[in-house]
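Next comes my_file-v3.cif, a file with mmCIF, C-alpha atoms.
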```
data_model
loop_
_atom_site.group_PDB
_atom_site.id
_atom_site.type_symbol
_atom_site.label_atom_id
_atom_site.label_comp_id
_atom_site.auth_asym_id
_atom_site.auth_seq_id
_atom_site.Cartn_x
_atom_site.Cartn_y
_atom_site.Cartn_z
ATOM 1 C CA MET A 22 -10.806 4.880 11.027
ATOM 2 C CA LYS A 23 -10.234 5.899 7.381
ATOM 3 C CA ILE A 24 -6.582 6.556 6.555
ATOM 4 C CA LEU A 25 -4.814 7.735 3.382
ATOM 5 C CA VAL A 26 -1.323 6.318 2.765
ATOM 6 C CA THR A 27 0.721 7.896 -0.016
ATOM 7 C CA GLY A 28 3.516 5.869 -1.581
ATOM 8 C CA VAL A 29 1.720 2.701 -0.509
ATOM 9 C CA ALA A 30 3.811 0.443 -2.783
ATOM 10 C CA GLY A 31 7.088 1.668 -1.287
ATOM 11 C CA PHE A 32 8.839 0.116 1.694
ATOM 12 C CA ILE A 33 7.480 2.400 4.410
ATOM 13 C CA GLY A 34 4.028 2.910 2.882
ATOM 14 C CA PHE A 35 3.505 -0.824 2.381
ATOM 15 C CA HIS A 36 4.449 -1.749 5.927
ATOM 16 C CA LEU A 37 2.381 1.105 7.346
ATOM 17 C CA ALA A 38 -0.673 0.073 5.319
ATOM 18 C CA LYS A 39 -0.217 -3.561 6.317
ATOM 19 C CA ARG A 40 -0.130 -2.620 9.990
ATOM 20 C CA LEU A 41 -3.113 -0.274 9.735
ATOM 21 C CA LEU A 42 -5.156 -2.972 7.983
ATOM 22 C CA ALA A 43 -4.203 -5.493 10.665
ATOM 23 C CA GLU A 44 -5.601 -3.060 13.221
ATOM 24 C CA GLY A 45 -8.921 -2.976 11.333
ATOM 25 C CA ASN A 46 -8.628 0.433 9.672
ATOM 26 C CA GLN A 47 -9.934 1.357 6.225
ATOM 27 C CA VAL A 48 -6.844 2.220 4.142
ATOM 28 C CA TYR A 49 -6.820 4.254 0.936
ATOM 29 C CA GLY A 50 -3.496 3.789 -0.829
ATOM 30 C CA VAL A 51 -2.031 6.082 -3.483
ATOM 31 C CA ASP A 52 1.067 5.423 -5.578
ATOM 32 C CA ASN A 53 2.301 6.323 -9.064
ATOM 33 C CA LEU A 54 4.487 3.188 -9.401
ATOM 34 C CA ASN A 55 7.395 5.140 -10.859
ATOM 35 C CA ASN A 56 10.571 3.298 -11.797
ATOM 36 C CA TYR A 57 12.815 4.842 -9.130
ATOM 37 C CA TYR A 58 13.323 1.231 -8.044
ATOM 38 C CA ASP A 59 11.942 -2.169 -9.068
ATOM 39 C CA VAL A 60 8.331 -1.790 -10.181
ATOM 40 C CA GLY A 61 7.892 -5.567 -9.948
ATOM 41 C CA LEU A 62 8.654 -5.396 -6.230
ATOM 42 C CA LYS A 63 6.067 -2.638 -5.797
ATOM 43 C CA GLN A 64 3.472 -4.692 -7.672
ATOM 44 C CA ALA A 65 4.228 -7.716 -5.484
ATOM 45 C CA ARG A 66 3.604 -5.616 -2.380
ATOM 46 C CA LEU A 67 0.302 -4.378 -3.770
ATOM 47 C CA ARG A 68 -0.790 -7.958 -4.512
ATOM 48 C CA GLN A 69 -0.505 -8.612 -0.771
ATOM 49 C CA LEU A 70 -2.708 -5.632 0.111
ATOM 50 C CA LEU A 71 -5.367 -5.817 -2.613
ATOM 51 C CA PRO A 72 -7.201 -8.932 -1.327
ATOM 52 C CA ASN A 73 -8.088 -7.085 1.877
ATOM 53 C CA PRO A 74 -11.611 -5.613 1.477
ATOM 54 C CA LYS A 75 -10.619 -2.654 3.650
ATOM 55 C CA PHE A 76 -7.902 -1.609 1.182
ATOM 56 C CA THR A 77 -8.543 0.662 -1.804
ATOM 57 C CA LEU A 78 -5.832 1.514 -4.325
ATOM 58 C CA ASN A 79 -5.686 4.647 -6.450
ATOM 59 C CA ILE A 80 -2.896 4.899 -9.011
#
```
Target encoding C-alpha cells, full file:
Amino acid sequence: MKILVTGVAGFIGFHLAKRLLAEGNQVYGVDNLNNYYDVGLKQARLRQLLPNPKFTLNI
C-alpha cells in the first residue's frame, strides 16, 4: 500500500512511518523541518528512515 505521512520527522509521524515501513508499505513522508523543537532530533529520525528503499522524503 502507498501511504502519505505528514510531519514525518515529528514524534508521531516518525513512529507511524517506522511501523508502516516494517509492515512492508511504501511510505511518502512530508515535513518542513521547522524549528518548533530541535531540528537536529528531527534530522536524526529521518536518518533512520531514509535508508529504507520504500521510504521517500519530500521537504
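Distances from A:Gly50, A:Lys63, A:Tyr58, A:Ala43 to Ala30 in chain A were compared using all atoms listed in the file, and the smallest one belongs to A:Lys63.
Nearest residue to Met22 in chain A, choosing from A:Asn56, A:Asn79, A:Gly45, A:Arg66 and counting all atoms listed in the file: A:Gly45.
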List the residues sitting within 8 Å of (-4.3, 3.4, 9.1) in the file's frame, using all atoms listed in the file, as a PyMOL selection string. chain A and resi 22-26+37-38+40-42+44+46-48
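When only C-alpha atoms are used to measure the gap to Gly34 in chain A, the shortest distance among A:Lys75, A:Val51, A:Val60, A:Ile80 belongs to A:Val51.
If you look at CA of Leu78 in chain A and CA of Asp52 in chain A, they are 8.0 Å away from each other.
Proximity to Thr77 in chain A was assessed for A:Tyr57, A:Gln64, A:Tyr49, A:Gly28 counting only C-alpha atoms; the smallest distance is recorded for A:Tyr49.
Of note, CA of Thr27 in chain A and CA of Leu67 in chain A are spaced 12.8 Å apart.
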Put the listed atoms of range 28-32 of chain A in a box along x, y and z with 6 Å added on every side and give me the centre and edge lengths in Å to one decimal, as lines of an AutoDock Vina configuration file.
```
center_x = 5.3
center_y = 3.0
center_z = -0.5
size_x = 19.1
size_y = 17.8
size_z = 16.5
```
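Separating CA of Phe32 in chain A from CA of Asn73 in chain A is a distance of 18.4 Å.
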Completed range 38-70 of chain A (N, CA and C atoms) as a compact mmCIF listing (two decimals), in the frame of the given file:
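Resulting contents of part22.txt:
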```txt
# COMPACT_ATOMS: atom_id res chain seq x y z
N ALA A 38 0.66 0.51 5.73
CA ALA A 38 -0.67 0.07 5.32
C ALA A 38 -0.99 -1.31 5.87
N LYS A 39 -0.02 -2.21 5.81
CA LYS A 39 -0.22 -3.56 6.32
C LYS A 39 -0.57 -3.54 7.81
N ARG A 40 0.13 -2.73 8.55
CA ARG A 40 -0.13 -2.62 9.99
C ARG A 40 -1.50 -2.00 10.27
N LEU A 41 -1.82 -0.94 9.54
CA LEU A 41 -3.11 -0.27 9.74
C LEU A 41 -4.27 -1.21 9.40
N LEU A 42 -4.12 -2.00 8.34
CA LEU A 42 -5.16 -2.97 7.98
C LEU A 42 -5.29 -4.04 9.06
N ALA A 43 -4.18 -4.49 9.60
CA ALA A 43 -4.20 -5.49 10.66
C ALA A 43 -4.94 -4.98 11.90
N GLU A 44 -4.91 -3.68 12.08
CA GLU A 44 -5.60 -3.06 13.22
C GLU A 44 -7.07 -2.80 12.92
N GLY A 45 -7.51 -3.11 11.68
CA GLY A 45 -8.92 -2.98 11.33
C GLY A 45 -9.31 -1.67 10.68
N ASN A 46 -8.34 -0.85 10.30
CA ASN A 46 -8.63 0.43 9.67
C ASN A 46 -8.96 0.28 8.19
N GLN A 47 -9.68 1.26 7.66
CA GLN A 47 -9.93 1.36 6.22
C GLN A 47 -8.77 2.16 5.66
N VAL A 48 -8.04 1.57 4.69
CA VAL A 48 -6.84 2.22 4.14
C VAL A 48 -7.05 2.54 2.67
N TYR A 49 -6.81 3.80 2.31
CA TYR A 49 -6.82 4.25 0.94
C TYR A 49 -5.37 4.49 0.53
N GLY A 50 -4.89 3.69 -0.41
CA GLY A 50 -3.50 3.79 -0.83
C GLY A 50 -3.36 4.52 -2.15
N VAL A 51 -2.33 5.34 -2.26
CA VAL A 51 -2.03 6.08 -3.48
C VAL A 51 -0.57 5.84 -3.83
N ASP A 52 -0.31 5.57 -5.11
CA ASP A 52 1.07 5.42 -5.58
C ASP A 52 1.08 5.62 -7.09
N ASN A 53 2.19 6.15 -7.61
CA ASN A 53 2.30 6.32 -9.06
C ASN A 53 3.15 5.24 -9.71
N LEU A 54 3.69 4.31 -8.92
CA LEU A 54 4.49 3.19 -9.40
C LEU A 54 5.60 3.63 -10.36
N ASN A 55 6.29 4.69 -10.01
CA ASN A 55 7.40 5.14 -10.86
C ASN A 55 8.53 4.13 -10.82
N ASN A 56 9.50 4.29 -11.69
CA ASN A 56 10.57 3.30 -11.80
C ASN A 56 11.83 3.72 -11.04
N TYR A 57 11.67 4.46 -9.95
CA TYR A 57 12.82 4.84 -9.13
C TYR A 57 13.54 3.59 -8.63
N TYR A 58 12.77 2.56 -8.28
CA TYR A 58 13.32 1.23 -8.04
C TYR A 58 12.32 0.20 -8.53
N ASP A 59 12.65 -1.05 -8.46
CA ASP A 59 11.94 -2.17 -9.07
C ASP A 59 10.41 -2.09 -8.98
N VAL A 60 9.79 -1.87 -10.12
CA VAL A 60 8.33 -1.79 -10.18
C VAL A 60 7.71 -3.15 -9.87
N GLY A 61 8.39 -4.22 -10.25
CA GLY A 61 7.89 -5.57 -9.95
C GLY A 61 7.76 -5.80 -8.45
N LEU A 62 8.70 -5.28 -7.69
CA LEU A 62 8.65 -5.40 -6.23
C LEU A 62 7.45 -4.62 -5.69
N LYS A 63 7.22 -3.44 -6.24
CA LYS A 63 6.07 -2.64 -5.80
C LYS A 63 4.76 -3.35 -6.12
N GLN A 64 4.68 -3.96 -7.29
CA GLN A 64 3.47 -4.69 -7.67
C GLN A 64 3.26 -5.90 -6.77
N ALA A 65 4.33 -6.57 -6.39
CA ALA A 65 4.23 -7.72 -5.48
C ALA A 65 3.69 -7.28 -4.12
N ARG A 66 4.12 -6.13 -3.66
CA ARG A 66 3.60 -5.62 -2.38
C ARG A 66 2.12 -5.32 -2.48
N LEU A 67 1.71 -4.71 -3.59
CA LEU A 67 0.30 -4.38 -3.77
C LEU A 67 -0.56 -5.63 -3.85
N ARG A 68 -0.04 -6.70 -4.44
CA ARG A 68 -0.79 -7.96 -4.51
C ARG A 68 -1.08 -8.51 -3.12
N GLN A 69 -0.26 -8.17 -2.15
CA GLN A 69 -0.50 -8.61 -0.77
C GLN A 69 -1.61 -7.79 -0.11
N LEU A 70 -1.73 -6.52 -0.51
CA LEU A 70 -2.71 -5.63 0.11
C LEU A 70 -4.08 -5.72 -0.55
```
